[in-house]
$ cat work.txt   # compact mmCIF, C-alpha atoms and all ligand atoms
# COMPACT_ATOMS: atom_id res chain seq x y z
CA MET A 1 15.04 -1.17 15.77
CA LEU A 2 12.12 -1.72 13.43
CA THR A 3 11.64 -4.08 10.51
CA ASP A 4 9.10 -4.62 7.75
CA TYR A 5 9.41 -8.10 6.32
CA HIS A 6 5.99 -8.58 4.79
CA THR A 7 5.72 -6.50 1.63
CA HIS A 8 4.82 -7.11 -2.00
CA THR A 9 6.40 -5.34 -4.97
CA GLU A 10 4.22 -7.32 -7.40
CA ARG A 11 2.40 -4.30 -8.83
CA GLY A 12 5.59 -3.14 -10.52
CA PRO A 13 8.50 -4.67 -12.43
CA TYR A 14 11.28 -6.68 -10.79
CA THR A 15 13.78 -3.83 -10.99
CA VAL A 16 15.98 -2.16 -8.40
CA ALA A 17 14.44 1.21 -9.33
CA TRP A 18 10.98 -0.02 -8.28
CA LEU A 19 12.37 -1.69 -5.16
CA ASP A 20 14.08 1.59 -4.26
CA ARG A 21 10.68 3.25 -3.82
CA PHE A 22 9.82 0.73 -1.11
CA LEU A 23 13.24 1.13 0.49
CA ALA A 24 12.85 4.91 0.46
CA MET A 25 9.60 4.66 2.41
CA ALA A 26 11.20 2.25 4.87
CA ARG A 27 13.98 4.77 5.42
CA GLU A 28 11.51 7.61 5.82
CA ARG A 29 9.69 5.66 8.54
CA ASN A 30 12.90 4.65 10.36
CA ILE A 31 12.60 1.00 9.43
CA GLU A 32 16.15 -0.33 9.50
CA GLU A 33 15.49 -3.70 7.98
CA TYR A 34 13.24 -4.19 5.00
CA GLY A 35 12.33 -7.38 3.17
CA VAL A 36 10.17 -8.44 0.24
CA SER A 37 7.83 -11.41 0.51
CA GLU A 38 6.10 -11.99 -2.81
CA HIS A 39 3.17 -14.40 -2.97
CA ALA A 40 4.46 -17.81 -3.99
CA TYR A 41 1.35 -18.61 -6.05
CA ARG A 42 2.35 -16.01 -8.64
CA PHE A 43 5.43 -17.98 -9.65
CA ARG A 44 5.42 -20.89 -12.03
CA GLN A 45 8.07 -22.53 -9.80
CA ALA A 46 5.33 -22.86 -7.15
CA GLY A 47 2.47 -23.79 -9.47
CA HIS A 48 2.16 -27.31 -8.09
CA LEU A 49 1.56 -26.07 -4.53
CA LEU A 50 -1.59 -23.97 -4.69
CA ASP A 51 -3.50 -24.71 -7.85
CA ASN A 52 -7.03 -23.43 -8.38
CA PRO A 53 -8.73 -21.43 -11.14
CA TRP A 54 -7.94 -18.08 -9.45
CA THR A 55 -4.23 -18.74 -8.86
CA ARG A 56 -3.81 -20.43 -12.25
CA GLU A 57 -4.87 -17.20 -13.96
CA ARG A 58 -2.33 -15.21 -11.95
CA ARG A 59 0.64 -17.53 -12.19
CA THR A 60 2.54 -15.30 -14.58
CA GLU A 61 5.88 -14.64 -12.87
CA ASP A 62 9.32 -16.18 -12.73
CA LEU A 63 10.80 -16.57 -9.25
CA ASP A 64 14.32 -16.38 -10.68
CA GLU A 65 13.53 -12.89 -11.91
CA TYR A 66 12.40 -11.89 -8.42
CA PHE A 67 15.53 -13.39 -6.89
CA ARG A 68 17.72 -11.60 -9.45
CA MET A 69 16.20 -8.25 -8.41
CA ILE A 70 17.19 -8.96 -4.81
CA GLU A 71 20.69 -10.03 -5.83
CA GLU A 72 21.16 -6.99 -8.04
CA ALA A 73 19.94 -4.67 -5.27
CA ARG A 74 22.42 -6.24 -2.85
CA ARG A 75 25.21 -5.95 -5.39
CA GLN A 76 24.42 -2.24 -5.57
CA GLY A 77 24.71 -1.96 -1.80
CA ARG A 78 21.06 -2.08 -0.75
CA ARG A 79 20.18 -3.92 2.40
CA VAL A 80 17.15 -6.08 1.64
CA LYS A 81 15.89 -9.41 2.88
CA PHE A 82 14.64 -12.13 0.55
CA GLY A 83 11.37 -13.61 1.69
CA ILE A 84 8.27 -15.29 0.36
CA GLU A 85 4.66 -15.56 1.52
CA LEU A 86 3.66 -19.17 1.10
CA ASP A 87 0.21 -20.67 1.49
CA TYR A 88 0.16 -23.68 3.75
CA ILE A 89 -1.72 -26.55 2.12
CA PRO A 90 -2.51 -29.49 4.44
CA GLY A 91 -0.99 -32.67 3.06
CA LYS A 92 1.56 -30.91 0.87
CA GLU A 93 4.27 -30.63 3.52
CA GLU A 94 6.91 -32.44 1.48
CA GLU A 95 6.35 -30.34 -1.64
CA LEU A 96 6.33 -27.15 0.47
CA SER A 97 9.55 -28.17 2.18
CA ARG A 98 11.27 -28.87 -1.15
CA PHE A 99 10.12 -25.52 -2.51
CA ILE A 100 11.38 -23.67 0.59
CA GLN A 101 14.78 -25.29 0.24
CA SER A 102 15.07 -24.48 -3.46
CA TYR A 103 15.80 -20.75 -2.92
CA PRO A 104 18.01 -18.98 -0.36
CA PHE A 105 15.16 -17.27 1.47
CA ASP A 106 15.88 -15.31 4.62
CA TYR A 107 12.41 -16.19 5.85
CA VAL A 108 9.22 -17.85 4.69
CA ILE A 109 5.88 -16.47 5.88
CA GLY A 110 3.24 -19.12 6.47
CA SER A 111 -0.19 -17.84 5.52
CA ILE A 112 -3.64 -19.18 4.86
CA HIS A 113 -5.86 -17.45 2.32
CA TRP A 114 -7.89 -20.42 1.08
CA LEU A 115 -10.44 -22.81 2.53
CA GLY A 116 -10.69 -25.21 -0.39
CA ASN A 117 -11.53 -23.05 -3.39
CA PHE A 118 -12.84 -20.23 -1.20
CA GLY A 119 -10.34 -17.37 -1.18
CA PHE A 120 -11.95 -15.88 1.90
CA ASP A 121 -9.97 -12.62 1.90
CA LEU A 122 -10.57 -11.83 -1.78
CA LEU A 123 -12.96 -9.05 -2.60
CA GLU A 124 -14.20 -10.96 -5.65
CA MET A 125 -15.17 -13.91 -3.42
CA LYS A 126 -16.62 -11.86 -0.60
CA ASP A 127 -20.18 -12.89 -1.53
CA GLN A 128 -19.31 -16.50 -0.70
CA TRP A 129 -19.37 -15.45 2.93
CA ASN A 130 -23.14 -15.11 2.59
CA GLY A 131 -24.84 -18.15 4.02
CA ARG A 132 -21.64 -19.48 5.60
CA ASP A 133 -21.68 -20.17 9.29
CA VAL A 134 -19.08 -17.85 10.78
CA ARG A 135 -18.12 -20.13 13.69
CA THR A 136 -17.71 -23.15 11.42
CA THR A 137 -15.58 -21.09 9.05
CA TYR A 138 -13.41 -19.92 11.97
CA ASP A 139 -13.09 -23.52 13.20
CA GLU A 140 -11.94 -24.56 9.76
CA TYR A 141 -9.48 -21.68 9.39
CA PHE A 142 -7.95 -21.96 12.87
CA SER A 143 -7.64 -25.75 12.53
CA ILE A 144 -5.58 -25.33 9.36
CA LEU A 145 -3.56 -22.59 11.09
CA MET A 146 -2.71 -25.05 13.89
CA GLN A 147 -1.65 -27.67 11.34
CA MET A 148 0.47 -25.05 9.62
CA VAL A 149 2.32 -24.26 12.83
CA GLU A 150 2.63 -27.96 13.69
CA SER A 151 4.35 -28.49 10.32
CA GLY A 152 7.25 -26.32 11.51
CA LEU A 153 7.91 -25.30 7.91
CA PHE A 154 7.61 -21.54 8.30
CA ASP A 155 9.66 -18.78 9.91
CA PHE A 156 6.64 -16.84 11.06
CA VAL A 157 2.85 -16.91 11.01
CA GLY A 158 1.34 -14.29 8.69
CA HIS A 159 -1.79 -12.34 9.73
CA ALA A 160 -2.97 -15.04 12.17
CA ASP A 161 -6.63 -13.99 12.31
CA VAL A 162 -7.04 -12.66 8.76
CA ILE A 163 -10.25 -14.69 8.64
CA LYS A 164 -11.91 -11.58 10.16
CA VAL A 165 -10.86 -9.46 7.15
CA PHE A 166 -14.39 -8.47 6.06
CA GLY A 167 -15.66 -8.09 9.61
CA HIS A 168 -17.25 -11.52 10.00
CA GLU A 169 -16.56 -12.29 13.66
CA PRO A 170 -18.35 -14.69 15.99
CA ASP A 171 -20.12 -12.71 18.65
CA ASP A 172 -18.82 -15.09 21.28
CA ALA A 173 -15.87 -14.14 23.46
CA VAL A 174 -15.63 -17.63 24.99
CA PHE A 175 -15.42 -19.29 21.57
CA LEU A 176 -12.67 -16.89 20.46
CA GLY A 177 -10.86 -17.01 23.81
CA GLU A 178 -10.68 -20.81 23.69
CA TRP A 179 -9.26 -20.67 20.18
CA TYR A 180 -6.72 -18.01 21.19
CA ASP A 181 -5.49 -20.22 24.04
CA ARG A 182 -5.25 -23.30 21.83
CA LEU A 183 -3.43 -21.36 19.12
CA ALA A 184 -1.03 -19.69 21.53
CA ASP A 185 -0.31 -23.07 23.18
CA THR A 186 0.59 -24.49 19.76
CA PHE A 187 2.67 -21.43 18.78
CA SER A 188 4.57 -21.71 22.05
CA ARG A 189 5.15 -25.46 21.89
CA ARG A 190 6.30 -25.28 18.25
CA GLN A 191 8.36 -22.13 18.91
CA ALA A 192 6.52 -20.17 16.25
CA VAL A 193 6.89 -16.43 15.68
CA VAL A 194 3.68 -14.44 15.21
CA GLU A 195 3.20 -11.46 12.94
CA VAL A 196 1.51 -8.28 14.13
CA SER A 197 0.20 -6.92 10.84
CA THR A 198 -1.10 -3.45 10.11
CA ALA A 199 -2.81 -4.68 6.92
CA GLY A 200 -6.12 -5.10 8.73
CA LEU A 201 -6.21 -1.34 9.33
CA ARG A 202 -6.51 -0.93 5.55
CA LYS A 203 -9.20 -3.63 5.20
CA PRO A 204 -12.95 -3.55 5.99
CA VAL A 205 -12.35 -4.99 9.48
CA GLY A 206 -10.26 -1.89 10.27
CA THR A 207 -8.19 -3.47 13.06
CA LEU A 208 -4.74 -4.95 13.49
CA TYR A 209 -4.02 -8.66 13.12
CA PRO A 210 -4.06 -10.42 15.49
CA ALA A 211 -6.78 -9.42 17.94
CA LEU A 212 -5.66 -8.14 21.33
CA GLY A 213 -6.81 -11.36 23.04
CA LEU A 214 -4.69 -13.56 20.80
CA LEU A 215 -1.66 -11.31 21.18
CA GLN A 216 -2.02 -11.36 24.96
CA ALA A 217 -2.30 -15.15 24.93
CA CYS A 218 0.91 -15.25 22.88
CA HIS A 219 2.74 -12.86 25.18
CA ARG A 220 1.80 -14.86 28.27
CA ARG A 221 3.50 -17.88 26.69
CA GLY A 222 6.57 -16.02 25.49
CA VAL A 223 5.73 -16.29 21.78
CA PRO A 224 7.95 -13.82 19.87
CA ILE A 225 6.60 -11.36 17.33
CA VAL A 226 7.43 -9.43 14.17
CA ILE A 227 5.66 -6.26 13.04
CA ASN A 228 4.83 -5.93 9.36
CA SER A 229 2.74 -3.80 7.03
CA ASP A 230 1.88 -6.30 4.25
CA ALA A 231 2.37 -3.30 1.95
CA HIS A 232 1.41 -3.77 -1.70
CA ARG A 233 2.44 -0.17 -2.53
CA PRO A 234 5.55 1.80 -1.56
CA GLU A 235 3.49 4.25 0.50
CA ASP A 236 2.24 1.44 2.76
CA VAL A 237 5.68 0.28 3.94
CA GLY A 238 5.62 0.85 7.69
CA ALA A 239 2.03 2.14 7.53
CA GLY A 240 0.14 2.04 10.81
CA TYR A 241 3.24 1.21 12.84
CA ASP A 242 2.35 3.79 15.49
CA GLN A 243 -0.79 1.77 16.26
CA ALA A 244 1.01 -1.58 16.09
CA LEU A 245 3.77 -0.37 18.39
CA ALA A 246 1.29 1.08 20.87
CA LEU A 247 -0.54 -2.27 20.93
CA VAL A 248 2.51 -4.51 21.38
CA LYS A 249 3.90 -2.18 24.00
CA SER A 250 0.63 -2.25 25.94
CA VAL A 251 0.68 -6.05 25.87
CA GLY A 252 4.25 -6.06 27.18
CA TYR A 253 6.39 -6.82 24.16
CA ARG A 254 9.79 -5.15 24.04
CA GLU A 255 11.55 -7.15 21.34
CA LEU A 256 11.17 -8.00 17.68
CA THR A 257 12.47 -10.98 15.77
CA VAL A 258 14.93 -10.57 12.90
CA PHE A 259 15.70 -13.24 10.31
CA THR A 260 18.71 -14.08 8.18
CA ALA A 261 18.79 -17.30 6.17
CA HIS A 262 16.08 -18.77 8.45
CA HIS A 263 18.11 -17.97 11.59
CA ARG A 264 16.27 -15.80 14.03
CA SER A 265 17.32 -13.48 16.81
CA SER A 266 15.62 -10.91 19.02
CA VAL A 267 16.30 -7.20 19.03
CA PRO A 268 14.90 -4.45 21.27
CA MET A 269 12.37 -2.32 19.42
CA PHE A 270 11.97 0.74 21.62
CA ASP A 271 15.45 1.62 22.85
CA ASP A 272 16.56 3.90 20.06
CA HIS A 273 13.21 4.76 18.51
CA PRO A 274 10.33 5.63 20.81
CA TYR A 275 7.13 4.65 19.02
CA THR A 276 5.75 8.18 19.21
CA GLN A 277 8.03 9.27 16.41
CA PHE A 278 6.38 7.02 13.82
CA ARG A 279 3.65 8.41 11.68
ZN ZN B 1 -1.40 -12.75 3.06
ZN ZN B 2 1.01 -10.50 2.06

$ encode --input "work.txt" --output "structure tokens"
Amino acid sequence: MLTDYHTHTERGPYTVAWLDRFLAMARERNIEEYGVSEHAYRFRQAGHLLDNPWTRERRTEDLDEYFRMIEEARRQGRRVKFGIELDYIPGKEEELSRFIQSYPFDYVIGSIHWLGNFGFDLLEMKDQWNGRDVRTTYDEYFSILMQMVESGLFDFVGHADVIKVFGHEPDDAVFLGEWYDRLADTFSRRQAVVEVSTAGLRKPVGTLYPALGLLQACHRRGVPIVINSDAHRPEDVGAGYDQALALVKSVGYRELTVFTAHHRSSVPMFDDHPYTQFR
């Protein structure tokens, strides 16, 4: 079976009619289990977690309204998971934990989009990459990623090497390889689940997250995966899955992780749907 747990409906209203467009695309692409994972920073209930001028301007939504859409969809017979994409902030573990427990999420995606006030994946902050040392920035990002996984707060790791989003990559295979091993060691020891995301295919970097080397390091240590699109539009649900499936298959993965109320289990991904049928 296939799943798509990392999607955002935020460009439309919190209505079942809008959600249905995402569900329709999931159905079209043979994705049996679909979930929404809105960005926590958009909700006033999460305003105390990630507070900077950029998020403050965009904190316009009510999480209860989002949850009510999910409840209403379920009441009408839709199968949809309730998730959230939550920025890990070092030092805020207690607040994050309280927030996670305050809603009946099926899963919480741990992501990092900020290094201080530098939203490194935002187009409007892209210029701040100029003059930054790429290796130092990677060190900073991967260190926070390790702390995030050590915290044990999250159900899976979102887009683990999204730091490459605009194509800034250290031209140093040893540097990256050492990080991949350290990260995969931590994922394995903390029993983390890692996302294979097709979002990078739609970004300047033009490749999947994570890099092949990191995925291989994860597979060697038995770290489980999920495959997600990070769709922000209905048409992107399940987008690029043929490439993601080809990659994970080549690395040796045969199972995906499914989540219900933070409980995880593994399901075979190829048995009933050979990857060649996804477009
Ligand atoms: Zn993200
Ligand atoms: Zn996302």

$ closest_residue --input "work.txt" --among "A:Gly131, A:Gly158, A:Gly119, A:Pro53" --to "ligand ZN 1 (chain B)" --atoms "all atoms listed in the file"
A:Gly158

$ residues_near_ligand --input "work.txt" --ligand "ligand ZN 2 (chain B)" --cutoff "10 Å" --atoms "all atoms listed in the file" --output "list in words"
Tyr5, His6, Thr7, His8, Val36, Ser37, Glu38, His39, Ile84, Glu85, Leu86, Ile109, Gly110, Ser111, His113, Gly158, His159, Ser197, Ala199, Asn228, Ser229, Asp230, Ala231 and His232 of chain A

$ closest_residue --input "work.txt" --among "A:Asp87, A:Asp139, A:Glu65, A:Asp127" --to "ligand ZN 1 (chain B)" --atoms "all atoms listed in the file"
A:Asp87

$ closest_residue --input "work.txt" --among "A:Ser143, A:Gln101, A:Asp4, A:Arg254" --to "Met25 in chain A" --atoms "only C-alpha atoms"
A:Asp4

$ residues_near_point --input "work.txt" --point "(17.3, -0.2, -7.2)" --cutoff "8 Å" --atoms "all atoms listed in the file" --output "list of chain:residue names"
A:Thr15, A:Val16, A:Ala17, A:Trp18, A:Leu19, A:Asp20, A:Glu72, A:Ala73, A:Gln76, A:Arg78

$ write_last_selection --input "work.txt" --atoms "C-alpha atoms" --output "compact mmCIF listing (two decimals), keeping the file's coordinate frame"
# COMPACT_ATOMS: atom_id res chain seq x y z
CA THR A 15 13.78 -3.83 -10.99
CA VAL A 16 15.98 -2.16 -8.40
CA ALA A 17 14.44 1.21 -9.33
CA TRP A 18 10.98 -0.02 -8.28
CA LEU A 19 12.37 -1.69 -5.16
CA ASP A 20 14.08 1.59 -4.26
CA GLU A 72 21.16 -6.99 -8.04
CA ALA A 73 19.94 -4.67 -5.27
CA GLN A 76 24.42 -2.24 -5.57
CA ARG A 78 21.06 -2.08 -0.75

$ residues_near_point --input "work.txt" --point "(1.6, 2.3, 15.6)" --cutoff "12 Å" --atoms "all atoms listed in the file" --output "VMD selection string"
chain A and resid 2 29 196 to 199 201 207 to 208 227 to 229 238 to 250 274 to 279
